[in-house]
>>> print(open('start.cif').read())   # mmCIF, C-alpha atoms
data_run
#
loop_
_atom_site.label_atom_id
_atom_site.label_comp_id
_atom_site.auth_asym_id
_atom_site.auth_seq_id
_atom_site.Cartn_x
_atom_site.Cartn_y
_atom_site.Cartn_z
CA MET H 1 -33.74 14.37 18.12
CA ALA H 2 -30.51 14.72 20.07
CA ALA H 3 -30.89 11.17 21.33
CA ALA H 4 -31.25 9.82 17.77
CA ASN H 5 -28.21 11.81 16.70
CA THR H 6 -25.91 10.45 19.42
CA ARG H 7 -27.29 6.97 18.84
CA LEU H 8 -26.28 7.17 15.18
CA ARG H 9 -22.86 8.46 16.12
CA ALA H 10 -22.39 5.64 18.61
CA ILE H 11 -23.40 3.03 16.04
CA LYS H 12 -21.07 4.55 13.44
CA LEU H 13 -18.21 4.56 15.96
CA TYR H 14 -18.89 0.96 16.92
CA LYS H 15 -18.89 -0.19 13.29
CA GLU H 16 -15.63 1.62 12.60
CA LEU H 17 -13.92 0.24 15.72
CA HIS H 18 -15.20 -3.25 14.97
CA ARG H 19 -13.77 -3.10 11.48
CA LEU H 20 -10.42 -1.96 12.87
CA GLY H 21 -10.42 -4.51 15.66
CA ARG H 22 -10.64 -7.46 13.30
CA GLU H 23 -6.97 -6.96 12.39
CA TYR H 24 -5.63 -6.48 15.88
CA PRO H 25 -2.16 -8.08 15.92
CA ASP H 26 -2.12 -9.51 19.46
CA PRO H 27 -4.37 -12.59 19.60
CA GLY H 28 -4.15 -12.51 23.41
CA TYR H 29 -5.88 -9.14 23.57
CA ASN H 30 -9.62 -9.52 23.09
CA PHE H 31 -10.20 -6.23 21.25
CA LEU H 32 -13.65 -7.07 19.90
CA GLY H 33 -14.83 -8.44 23.25
CA LYS H 34 -13.63 -5.38 25.10
CA LEU H 35 -15.22 -3.17 22.44
CA ARG H 36 -18.60 -4.82 22.89
CA ARG H 37 -18.46 -4.74 26.67
CA GLY H 38 -17.30 -1.12 26.66
CA PHE H 39 -20.27 -0.07 24.58
CA GLU H 40 -22.71 -2.21 26.56
CA ARG H 41 -21.49 -0.73 29.84
CA ASN H 42 -22.41 2.73 28.59
CA ARG H 43 -25.68 1.90 26.88
CA ASN H 44 -27.91 3.71 29.41
CA LEU H 45 -26.13 7.05 29.60
CA THR H 46 -28.48 10.03 29.56
CA ASP H 47 -26.31 13.00 30.52
CA PRO H 48 -25.19 14.65 27.22
CA GLU H 49 -21.80 15.53 28.73
CA GLU H 50 -21.12 11.95 29.70
CA ILE H 51 -22.21 10.76 26.26
CA GLU H 52 -19.80 13.18 24.62
CA LYS H 53 -16.99 11.97 26.89
CA ALA H 54 -17.70 8.35 26.02
CA LEU H 55 -17.79 9.09 22.28
CA ALA H 56 -14.55 11.06 22.58
CA LEU H 57 -12.92 8.11 24.34
CA GLY H 58 -14.04 5.84 21.51
CA ASP H 59 -12.57 8.27 18.99
CA TYR H 60 -9.30 8.37 20.93
CA ILE H 61 -9.09 4.57 20.90
CA LYS H 62 -9.75 4.57 17.16
CA LYS H 63 -6.85 7.01 16.58
CA GLU H 64 -4.52 5.05 18.86
CA THR H 65 -5.33 1.79 17.07
CA LEU H 66 -4.76 3.38 13.67
CA ALA H 67 -1.42 4.75 14.89
CA LEU H 68 -0.47 1.27 16.12
CA TYR H 69 -1.27 -0.30 12.77
CA SER H 70 0.55 2.24 10.63
CA LEU H 71 3.61 2.25 12.89
CA ARG H 72 3.75 -1.53 12.83
CA LYS H 73 3.57 -1.58 9.04
CA TYR H 74 6.16 1.20 8.69
CA ARG H 75 8.59 -0.60 11.02
CA TYR H 76 8.16 -3.88 9.14
CA LEU H 77 8.82 -2.22 5.78
CA LYS H 78 11.78 -0.30 7.16
CA ARG H 79 13.31 -3.46 8.64
CA THR H 80 12.73 -5.50 5.51
CA TYR H 81 13.58 -2.99 2.80
CA SER H 82 16.19 -0.63 4.23
CA LYS H 83 19.85 -1.23 4.81
CA PRO H 84 20.70 -0.60 8.46
CA GLU H 85 22.26 2.82 9.05
CA GLY H 86 26.01 3.18 9.11
CA HIS H 87 26.85 -0.11 7.45
CA ASP H 88 29.33 -0.15 4.62
CA LEU H 89 28.45 -2.94 2.23
CA MET R 1 -7.18 38.26 -23.81
CA ARG R 2 -8.08 34.66 -23.19
CA PRO R 3 -7.27 33.39 -19.70
CA THR R 4 -4.71 30.58 -19.65
CA PRO R 5 -6.62 27.36 -19.00
CA PRO R 6 -5.52 25.39 -15.92
CA SER R 7 -3.39 22.47 -16.99
CA CYS R 8 -5.29 19.23 -16.71
CA MET R 9 -2.87 16.61 -15.51
CA ARG R 10 -3.92 13.02 -15.34
CA LEU R 11 -2.24 10.57 -12.99
CA LEU R 12 -2.19 6.81 -13.29
CA VAL R 13 -1.49 4.73 -10.20
CA PRO R 14 -1.01 0.99 -10.76
CA VAL R 15 -1.77 -1.02 -7.63
CA LYS R 16 -1.14 -4.69 -6.91
CA ARG R 17 -3.01 -7.19 -4.80
CA CYS R 18 -0.27 -8.85 -2.73
CA VAL R 19 0.00 -11.26 0.11
CA ASP R 20 -0.53 -9.17 3.26
CA TYR R 21 2.63 -8.15 5.11
CA THR R 22 1.51 -9.82 8.35
CA VAL R 23 1.19 -13.27 6.76
CA LYS R 24 3.82 -15.92 7.53
CA ILE R 25 4.83 -17.10 4.07
CA ARG R 26 4.79 -20.85 3.47
CA VAL R 27 6.09 -22.70 0.43
CA ASN R 28 3.37 -24.80 -1.20
CA ALA R 29 3.46 -28.61 -1.25
CA GLN R 30 4.64 -28.82 -4.86
CA GLN R 31 7.56 -26.42 -4.16
CA THR R 32 6.52 -24.28 -7.11
CA GLY R 33 5.48 -21.20 -5.21
CA ILE R 34 4.01 -19.91 -2.00
CA ASP R 35 0.70 -20.71 -0.38
CA THR R 36 -1.66 -18.05 -1.71
CA ASN R 37 -4.73 -19.09 0.28
CA VAL R 38 -3.96 -16.34 2.77
CA LYS R 39 -4.90 -12.76 3.48
CA HIS R 40 -4.17 -10.32 0.64
CA SER R 41 -4.10 -6.54 0.62
CA MET R 42 -2.75 -3.65 -1.43
CA ASN R 43 1.03 -3.60 -1.77
CA PRO R 44 2.20 -1.12 0.92
CA PHE R 45 4.38 0.76 -1.57
CA ASP R 46 1.36 1.14 -3.85
CA GLU R 47 -0.63 2.54 -0.90
CA ILE R 48 2.10 5.15 -0.60
CA ALA R 49 1.75 5.85 -4.34
CA VAL R 50 -2.02 6.37 -4.05
CA GLU R 51 -1.47 8.65 -1.06
CA GLU R 52 1.10 10.70 -3.00
CA ALA R 53 -1.29 11.10 -5.94
CA VAL R 54 -4.12 12.22 -3.64
CA ARG R 55 -1.88 14.63 -1.75
CA LEU R 56 -0.53 16.10 -5.00
CA ARG R 57 -4.09 16.83 -5.98
CA GLU R 58 -4.86 18.37 -2.59
CA ARG R 59 -1.87 20.65 -3.01
CA HIS R 60 -2.51 21.53 -6.69
CA LYS R 61 -6.29 21.38 -6.95
CA GLU R 62 -6.73 23.08 -10.31
CA LYS R 63 -3.88 21.27 -11.99
CA ILE R 64 -4.73 17.63 -11.51
CA GLU R 65 -7.88 16.57 -13.27
CA ASN R 66 -8.01 12.86 -12.70
CA ILE R 67 -6.42 10.08 -10.65
CA LYS R 68 -6.96 6.69 -12.19
CA LEU R 69 -6.03 3.37 -10.60
CA VAL R 70 -5.25 0.22 -12.49
CA SER R 71 -4.74 -3.31 -11.25
CA ILE R 72 -3.76 -6.39 -13.21
CA GLY R 73 -4.88 -9.52 -11.47
CA PRO R 74 -7.56 -12.03 -10.53
CA PRO R 75 -11.20 -11.00 -9.87
CA LYS R 76 -10.43 -10.15 -6.22
CA ALA R 77 -8.06 -7.39 -7.34
CA ALA R 78 -11.17 -5.22 -7.73
CA GLU R 79 -11.33 -5.02 -3.90
CA ILE R 80 -7.87 -3.49 -3.90
CA ILE R 81 -8.99 -0.90 -6.44
CA ARG R 82 -11.96 -0.10 -4.17
CA THR R 83 -9.58 0.56 -1.27
CA GLY R 84 -7.62 2.95 -3.46
CA LEU R 85 -10.83 4.68 -4.55
CA ALA R 86 -11.75 5.03 -0.88
CA MET R 87 -8.42 6.78 -0.31
CA GLY R 88 -9.34 9.43 -2.86
CA ALA R 89 -8.79 8.24 -6.42
CA ASP R 90 -11.49 8.94 -9.02
CA GLU R 91 -11.87 5.80 -11.07
CA GLY R 92 -10.30 2.45 -11.70
CA VAL R 93 -9.47 -0.05 -14.40
CA HIS R 94 -9.28 -3.76 -13.65
CA VAL R 95 -7.31 -5.81 -16.15
CA GLU R 96 -8.76 -9.15 -15.24
CA VAL R 97 -6.64 -12.27 -15.31
CA PRO R 98 -8.27 -15.68 -14.62
CA GLU R 99 -8.04 -16.94 -11.02
CA THR R 100 -6.05 -20.00 -12.06
CA ALA R 101 -3.58 -18.18 -14.32
CA PRO R 102 -0.01 -17.74 -13.07
CA GLN R 103 0.93 -14.36 -11.66
CA PRO R 104 1.94 -11.93 -14.42
CA GLU R 105 5.64 -11.10 -14.69
CA PRO R 106 7.00 -7.54 -14.47
CA LEU R 107 7.56 -7.36 -18.24
CA GLY R 108 4.01 -8.54 -18.88
CA VAL R 109 2.62 -6.00 -16.41
CA ALA R 110 4.71 -3.23 -17.95
CA LYS R 111 3.51 -4.13 -21.45
CA ALA R 112 -0.12 -4.17 -20.28
CA LEU R 113 0.28 -0.79 -18.57
CA ALA R 114 1.98 0.67 -21.64
CA ALA R 115 -0.85 -0.61 -23.86
CA LEU R 116 -3.43 0.85 -21.47
CA ILE R 117 -1.68 4.23 -21.44
CA LYS R 118 -1.50 4.30 -25.25
CA LYS R 119 -5.20 3.43 -25.44
CA GLU R 120 -6.21 6.27 -23.11
CA GLY R 121 -8.24 8.99 -24.80
CA LYS R 122 -6.59 11.78 -22.82
CA PRO R 123 -2.82 11.52 -22.25
CA ILE R 124 -1.42 10.39 -18.90
CA ASP R 125 1.13 12.82 -17.44
CA MET R 126 2.51 10.83 -14.55
CA VAL R 127 2.57 7.21 -13.46
CA ILE R 128 3.17 6.81 -9.73
CA MET R 129 3.69 3.27 -8.50
CA GLY R 130 5.37 1.32 -5.72
CA LYS R 131 9.05 0.55 -6.09
CA GLN R 132 8.43 -3.18 -5.59
CA ALA R 133 5.72 -5.58 -4.56
CA ILE R 134 6.26 -7.23 -1.20
CA ASP R 135 5.40 -10.69 -2.52
CA GLY R 136 7.30 -10.68 -5.81
CA ASP R 137 10.10 -8.33 -4.73
CA ASN R 138 11.14 -7.81 -8.36
CA GLY R 139 11.32 -4.02 -8.37
CA MET R 140 11.40 -3.95 -12.18
CA THR R 141 7.97 -2.99 -13.41
CA GLY R 142 8.32 0.81 -13.10
CA GLN R 143 11.65 0.86 -14.89
CA MET R 144 10.45 -1.45 -17.66
CA LEU R 145 7.33 0.66 -18.15
CA ALA R 146 9.40 3.82 -18.53
CA GLY R 147 11.59 2.05 -21.06
CA LEU R 148 8.64 0.76 -23.10
CA LEU R 149 7.01 4.19 -23.18
CA GLY R 150 10.24 6.07 -23.77
CA TRP R 151 9.48 8.23 -20.70
CA GLY R 152 11.85 9.51 -18.03
CA GLN R 153 11.82 7.75 -14.68
CA ALA R 154 12.48 8.71 -11.07
CA THR R 155 12.68 5.63 -8.87
CA PHE R 156 12.84 5.24 -5.06
CA ALA R 157 11.25 8.67 -4.67
CA SER R 158 11.12 10.05 -1.15
CA LYS R 159 9.83 13.47 -2.24
CA VAL R 160 8.01 14.68 -5.34
CA GLU R 161 7.48 18.34 -6.21
CA LEU R 162 5.61 19.68 -9.18
CA LEU R 163 7.61 22.52 -10.68
CA ASP R 164 6.19 25.75 -12.07
CA GLY R 165 4.95 25.30 -15.60
CA ASP R 166 3.90 21.73 -14.82
CA LYS R 167 6.31 20.37 -17.37
CA GLU R 168 8.76 18.93 -14.87
CA VAL R 169 8.91 17.34 -11.45
CA LYS R 170 11.71 17.57 -8.95
CA VAL R 171 12.22 14.22 -7.25
CA THR R 172 14.39 13.35 -4.28
CA ARG R 173 15.57 9.77 -4.56
CA GLU R 174 16.82 7.45 -1.86
CA VAL R 175 20.09 5.98 -3.05
CA ASP R 176 22.96 4.15 -1.41
CA GLY R 177 24.77 6.66 0.68
CA GLY R 178 22.08 9.29 0.85
CA LEU R 179 19.63 11.30 -1.21
CA GLU R 180 19.76 12.42 -4.83
CA GLU R 181 17.71 15.26 -6.31
CA ILE R 182 16.76 15.09 -9.96
CA LYS R 183 14.47 16.93 -12.35
CA VAL R 184 12.38 14.84 -14.70
CA LYS R 185 10.39 16.07 -17.67
CA LEU R 186 6.78 14.96 -17.80
CA PRO R 187 5.36 12.53 -18.73
CA ALA R 188 7.35 10.32 -16.38
CA VAL R 189 7.20 7.19 -14.24
CA ILE R 190 7.82 7.64 -10.53
CA THR R 191 8.26 4.72 -8.15
CA THR R 192 7.71 5.31 -4.45
CA ASP R 193 9.93 4.50 -1.52
CA LEU R 194 8.92 4.08 2.09
CA ARG R 195 9.51 7.61 3.29
CA LEU R 196 7.48 9.37 0.59
CA LYS R 197 4.17 9.50 2.40
CA GLU R 198 2.24 7.91 5.26
CA PRO R 199 -0.85 6.38 3.62
CA ARG R 200 -4.21 7.40 5.00
CA TYR R 201 -6.71 5.05 6.49
CA ALA R 202 -9.70 4.34 4.23
CA SER R 203 -12.55 5.01 6.65
CA LEU R 204 -15.89 3.22 6.38
CA PRO R 205 -17.81 6.27 5.03
CA ASN R 206 -15.18 6.70 2.31
CA ILE R 207 -15.42 3.04 1.39
CA MET R 208 -19.18 3.45 1.03
CA LYS R 209 -18.69 6.50 -1.20
CA ALA R 210 -16.14 4.59 -3.27
CA LYS R 211 -18.75 2.03 -4.23
CA LYS R 212 -20.26 4.63 -6.55
CA LYS R 213 -16.99 5.21 -8.40
CA LYS R 214 -16.50 3.47 -11.71
CA ILE R 215 -14.20 0.48 -12.23
CA GLU R 216 -13.80 -0.46 -15.87
CA LYS R 217 -13.09 -4.12 -16.64
CA VAL R 218 -10.78 -5.11 -19.49
CA THR R 219 -8.94 -8.26 -20.44
CA PRO R 220 -5.31 -8.57 -21.52
CA SER R 221 -6.46 -9.48 -25.03
CA ASP R 222 -8.44 -6.19 -25.19
CA LEU R 223 -5.07 -4.50 -24.72
CA GLY R 224 -3.35 -6.80 -27.20
CA VAL R 225 -1.03 -8.19 -24.53
CA ASP R 226 -0.14 -11.79 -23.72
CA LEU R 227 0.58 -12.27 -20.03
CA THR R 228 1.89 -15.85 -20.19
CA PRO R 229 5.11 -16.00 -18.20
CA LEU R 230 8.37 -16.15 -20.10
CA LEU R 231 10.18 -17.54 -17.07
CA GLU R 232 9.66 -20.95 -15.57
CA THR R 233 9.96 -21.28 -11.82
CA VAL R 234 11.88 -24.48 -11.29
CA LYS R 235 11.78 -24.72 -7.51
CA VAL R 236 10.87 -22.69 -4.46
CA THR R 237 12.27 -23.72 -1.08
CA GLU R 238 12.35 -22.21 2.38
CA PRO R 239 15.70 -20.91 3.65
CA PRO R 240 17.66 -23.57 5.61
CA LYS R 241 16.56 -23.80 9.23
CA ARG R 242 18.85 -22.06 11.65
CA VAL R 243 21.07 -24.53 13.46
CA GLY R 244 21.35 -23.81 17.17
CA GLY R 245 24.53 -22.16 18.36
CA ALA R 246 26.76 -23.47 21.15
CA LYS R 247 28.33 -21.68 24.08
CA VAL R 248 32.12 -21.83 24.52
CA GLU R 249 33.96 -21.59 27.85
CA ASN R 250 37.01 -19.59 26.80
CA VAL R 251 38.96 -18.16 23.87
CA ASP R 252 40.98 -21.36 23.31
CA GLU R 253 37.82 -23.39 22.87
CA LEU R 254 36.50 -20.75 20.45
CA VAL R 255 39.68 -20.92 18.37
CA ALA R 256 39.55 -24.74 18.40
CA LYS R 257 35.96 -24.70 17.16
CA LEU R 258 36.76 -22.17 14.44
CA LYS R 259 39.69 -24.33 13.31
CA ALA R 260 37.44 -27.37 13.22
CA ALA R 261 34.97 -25.48 11.06
CA GLY R 262 37.80 -24.64 8.66
CA VAL R 263 37.28 -20.92 9.08
CA VAL R 264 40.67 -20.17 10.69
#
>>> encode(input="start.cif", output="structure tokens")
Amino acid sequence: MAAANTRLRAIKLYKELHRLGREYPDPGYNFLGKLRRGFERNRNLTDPEEIEKALALGDYIKKETLALYSLRKYRYLKRTYSKPEGHDL
Amino acid sequence: MRPTPPSCMRLLVPVKRCVDYTVKIRVNAQQTGIDTNVKHSMNPFDEIAVEEAVRLRERHKEKIENIKLVSIGPPKAAEIIRTGLAMGADEGVHVEVPETAPQPEPLGVAKALAALIKKEGKPIDMVIMGKQAIDGDNGMTGQMLAGLLGWGQATFASKVELLDGDKEVKVTREVDGGLEEIKVKLPAVITTDLRLKEPRYASLPNIMKAKKKKIEKVTPSDLGVDLTPLLETVKVTEPPKRVGGAKVENVDELVAKLKAAGVV
């Protein structure tokens, strides 16, 4: 039962990361390729602790990517729609 | 003694399907507009508006009964409403405009929104929308809507607080030279500025759940509104290409070049 549970979690994580990775801004960085290889490298893990560590790493990458996207958008909007500080127009 | 019923506020959040902010805009071959065969997404300022509505409800659970989204646009605008529903709104209305029709103007959008609000069975207490769309950059729709409805408005909001009694909101506005705090009686129109909220990410499970939420389809004629543009776009051109600069050896040469350019 535990194996089925972690399998579902891994699939859910992969789907989420794949969806995020489609919009990765740097075309030189093969996000989706690295995602696939990362998951394939860990496909035969059996130790529950190692599985948890791998899932946690995936979660961390998801959060980092989300932070990258929102910061990028915020900076673009700030640059485009705010007057620079300290300028008297 | 009857207990006082919780106030049931209803929020309306108009959202627009815009060209995505990452797209490099190109003028189309006929010079009548931009190339729209590109990636589209929800206007970032509207994302902030949806986030503000959802957070207001998280903070005042018993007070806000319903968050409704509305989008006026082509069939694909329904995807934008789905994203908003995934962020936490309850239901949506899609005022469908044909794919080939020209983009509605701010006055047309404001009239359609006003008609929709008047048609609503239960009254809307607050309209929260983006200050401007990143493709049109008009920044007029919120103000026009407030004018048509005769409601107060608080534009460029960077903070919104519901005051006790739920009859007013206190809004901090971003203005030239700093921040301005005003109190607005409800119902009111609030337009969002960048620093109001950081929009949440619509995760895959939430998007799946959003598929069950209702999106009502109406047409502009159902609302009694004509969205044909009143303005004619004569020409759209790209800004002139930057001419390369030149290096000068010393101050004299700089002065000579400035004189030649007629600037000095």
>>> resolve_selection(input="start.cif", expression="the PyMOL selection byres ((chain R) within 12 of (chain H))", output="PyMOL selection string")
chain R and resi 20-23+39+43-45+47-48+131-134+137+139+156+174-178+193-207
>>> closest_residue(input="start.cif", among="R:Leu162, R:Ile81, R:Leu56, R:Ala114", to="Val15 in chain R", atoms="only C-alpha atoms")
R:Ile81
>>> residues_around(input="start.cif", residues="Asp35 in chain R", least_positions_apart="4", cutoff="10 Å", atoms="all atoms listed in the file", output="list of chain:residue names")
R:Val19, R:Lys24, R:Ile25, R:Arg26, R:Val27, R:Asn28, R:Ala29, R:Gln31
>>> closest_residue(input="start.cif", among="R:Pro220, R:Pro240, R:Gly84, R:Pro187", to="Gly150 in chain R", atoms="only C-alpha atoms")
R:Pro187
>>> resolve_selection(input="start.cif", expression="the PyMOL selection byres ((chain R and resi 166) around 10)", output="list of chain:residue names")
R:Ser7, R:Cys8, R:Met9, R:Lys63, R:Asp125, R:Glu161, R:Leu162, R:Leu163, R:Asp164, R:Gly165, R:Lys167, R:Glu168, R:Val169, R:Lys185, R:Leu186
>>> atom_distance(input="start.cif", atom1="CA of Ala49 in chain R", atom2="CA of Thr233 in chain R")
29.3 Å
>>> atom_distance(input="start.cif", atom1="CA of Ala110 in chain R", atom2="CA of Ala210 in chain R")
26.7 Å
>>> atom_distance(input="start.cif", atom1="CA of Val50 in chain R", atom2="CA of Ala86 in chain R")
10.3 Å
>>> resolve_selection(input="start.cif", expression="the PyMOL selection byres ((chain H and resi 51) around 12)", output="ChimeraX atom specification")
/H:2-3,5-7,9-10,39,42-50,52-58
>>> write_last_selection(input="start.cif", atoms="C-alpha atoms", output="PDB file, in the frame of the given file")
ATOM      1  CA  ALA H   2     -30.510  14.720  20.070  1.00  0.00           C
ATOM      2  CA  ALA H   3     -30.890  11.170  21.330  1.00  0.00           C
ATOM      3  CA  ASN H   5     -28.210  11.810  16.700  1.00  0.00           C
ATOM      4  CA  THR H   6     -25.910  10.450  19.420  1.00  0.00           C
ATOM      5  CA  ARG H   7     -27.290   6.970  18.840  1.00  0.00           C
ATOM      6  CA  ARG H   9     -22.860   8.460  16.120  1.00  0.00           C
ATOM      7  CA  ALA H  10     -22.390   5.640  18.610  1.00  0.00           C
ATOM      8  CA  PHE H  39     -20.270  -0.070  24.580  1.00  0.00           C
ATOM      9  CA  ASN H  42     -22.410   2.730  28.590  1.00  0.00           C
ATOM     10  CA  ARG H  43     -25.680   1.900  26.880  1.00  0.00           C
ATOM     11  CA  ASN H  44     -27.910   3.710  29.410  1.00  0.00           C
ATOM     12  CA  LEU H  45     -26.130   7.050  29.600  1.00  0.00           C
ATOM     13  CA  THR H  46     -28.480  10.030  29.560  1.00  0.00           C
ATOM     14  CA  ASP H  47     -26.310  13.000  30.520  1.00  0.00           C
ATOM     15  CA  PRO H  48     -25.190  14.650  27.220  1.00  0.00           C
ATOM     16  CA  GLU H  49     -21.800  15.530  28.730  1.00  0.00           C
ATOM     17  CA  GLU H  50     -21.120  11.950  29.700  1.00  0.00           C
ATOM     18  CA  GLU H  52     -19.800  13.180  24.620  1.00  0.00           C
ATOM     19  CA  LYS H  53     -16.990  11.970  26.890  1.00  0.00           C
ATOM     20  CA  ALA H  54     -17.700   8.350  26.020  1.00  0.00           C
ATOM     21  CA  LEU H  55     -17.790   9.090  22.280  1.00  0.00           C
ATOM     22  CA  ALA H  56     -14.550  11.060  22.580  1.00  0.00           C
ATOM     23  CA  LEU H  57     -12.920   8.110  24.340  1.00  0.00           C
ATOM     24  CA  GLY H  58     -14.040   5.840  21.510  1.00  0.00           C
TER      25      GLY H  58
END
>>> closest_residue(input="start.cif", among="H:Arg79, H:Leu68, H:Arg41, H:Ile11", to="Asp26 in chain H", atoms="all atoms listed in the file")
H:Leu68
>>> residues_around(input="start.cif", residues="Leu85 in chain R", least_positions_apart="6", cutoff="10 Å", atoms="all atoms listed in the file", output="PyMOL selection string")
chain R and resi 50+67-69+79+91-92+202+206-207+209-215
>>> residues_near_point(input="start.cif", point="(-1.7, 0.2, -23.2)", cutoff="10 Å", atoms="all atoms listed in the file", output="tab-separated table (two decimals) with C-alpha atoms, in the frame of the given file")
chain	number	residue	atom	x	y	z
R	110	ALA	CA	4.71	-3.23	-17.95
R	111	LYS	CA	3.51	-4.13	-21.45
R	112	ALA	CA	-0.12	-4.17	-20.28
R	113	LEU	CA	0.28	-0.79	-18.57
R	114	ALA	CA	1.98	0.67	-21.64
R	115	ALA	CA	-0.85	-0.61	-23.86
R	116	LEU	CA	-3.43	0.85	-21.47
R	117	ILE	CA	-1.68	4.23	-21.44
R	118	LYS	CA	-1.50	4.30	-25.25
R	119	LYS	CA	-5.20	3.43	-25.44
R	120	GLU	CA	-6.21	6.27	-23.11
R	149	LEU	CA	7.01	4.19	-23.18
R	220	PRO	CA	-5.31	-8.57	-21.52
R	222	ASP	CA	-8.44	-6.19	-25.19
R	223	LEU	CA	-5.07	-4.50	-24.72
R	224	GLY	CA	-3.35	-6.80	-27.20
R	225	VAL	CA	-1.03	-8.19	-24.53
>>> residues_around(input="start.cif", residues="Lys159 in chain R", least_positions_apart="6", cutoff="8 Å", atoms="only C-alpha atoms", output="ChimeraX atom specification")
/R:171-173,196
>>> decode(input="start.cif", residues="range 136-152 of chain R", atoms="N, CA and C atoms", output="mmCIF file, in the first residue's frame")
data_model
loop_
_atom_site.group_PDB
_atom_site.id
_atom_site.type_symbol
_atom_site.label_atom_id
_atom_site.label_comp_id
_atom_site.auth_asym_id
_atom_site.auth_seq_id
_atom_site.Cartn_x
_atom_site.Cartn_y
_atom_site.Cartn_z
ATOM 1 N N GLY R 136 -3.668 46.433 -23.953
ATOM 2 C CA GLY R 136 -4.310 47.670 -24.367
ATOM 3 C C GLY R 136 -3.705 48.887 -23.698
ATOM 4 N N ASP R 137 -3.320 48.731 -22.428
ATOM 5 C CA ASP R 137 -2.734 49.830 -21.656
ATOM 6 C C ASP R 137 -3.611 51.075 -21.639
ATOM 7 N N ASN R 138 -4.952 50.889 -21.582
ATOM 8 C CA ASN R 138 -5.824 52.055 -21.547
ATOM 9 C C ASN R 138 -5.973 52.590 -20.129
ATOM 10 N N GLY R 139 -6.215 51.675 -19.181
ATOM 11 C CA GLY R 139 -6.373 52.090 -17.794
ATOM 12 C C GLY R 139 -7.616 52.933 -17.570
ATOM 13 N N MET R 140 -8.684 52.658 -18.342
ATOM 14 C CA MET R 140 -9.890 53.491 -18.232
ATOM 15 C C MET R 140 -11.111 52.736 -17.727
ATOM 16 N N THR R 141 -11.105 51.421 -17.935
ATOM 17 C CA THR R 141 -12.349 50.670 -17.757
ATOM 18 C C THR R 141 -12.923 50.799 -16.345
ATOM 19 N N GLY R 142 -12.070 50.674 -15.320
ATOM 20 C CA GLY R 142 -12.545 50.759 -13.940
ATOM 21 C C GLY R 142 -13.216 52.088 -13.662
ATOM 22 N N GLN R 143 -12.551 53.163 -14.085
ATOM 23 C CA GLN R 143 -13.077 54.499 -13.834
ATOM 24 C C GLN R 143 -14.397 54.726 -14.560
ATOM 25 N N MET R 144 -14.451 54.255 -15.826
ATOM 26 C CA MET R 144 -15.688 54.420 -16.600
ATOM 27 C C MET R 144 -16.827 53.635 -15.961
ATOM 28 N N LEU R 145 -16.503 52.429 -15.485
ATOM 29 C CA LEU R 145 -17.533 51.595 -14.856
ATOM 30 C C LEU R 145 -18.107 52.288 -13.635
ATOM 31 N N ALA R 146 -17.219 52.856 -12.814
ATOM 32 C CA ALA R 146 -17.689 53.553 -11.610
ATOM 33 C C ALA R 146 -18.589 54.718 -11.993
ATOM 34 N N GLY R 147 -18.212 55.423 -13.049
ATOM 35 C CA GLY R 147 -19.011 56.548 -13.507
ATOM 36 C C GLY R 147 -20.389 56.110 -13.989
ATOM 37 N N LEU R 148 -20.416 55.016 -14.781
ATOM 38 C CA LEU R 148 -21.701 54.541 -15.320
ATOM 39 C C LEU R 148 -22.632 54.066 -14.205
ATOM 40 N N LEU R 149 -22.037 53.451 -13.165
ATOM 41 C CA LEU R 149 -22.874 52.925 -12.083
ATOM 42 C C LEU R 149 -23.195 53.984 -11.041
ATOM 43 N N GLY R 150 -22.438 55.084 -11.069
ATOM 44 C CA GLY R 150 -22.616 56.088 -10.024
ATOM 45 C C GLY R 150 -22.017 55.647 -8.703
ATOM 46 N N TRP R 151 -21.019 54.739 -8.752
ATOM 47 C CA TRP R 151 -20.372 54.234 -7.542
ATOM 48 C C TRP R 151 -19.086 55.003 -7.267
ATOM 49 N N GLY R 152 -18.598 54.917 -6.029
ATOM 50 C CA GLY R 152 -17.290 55.471 -5.708
ATOM 51 C C GLY R 152 -16.214 54.585 -6.318
#
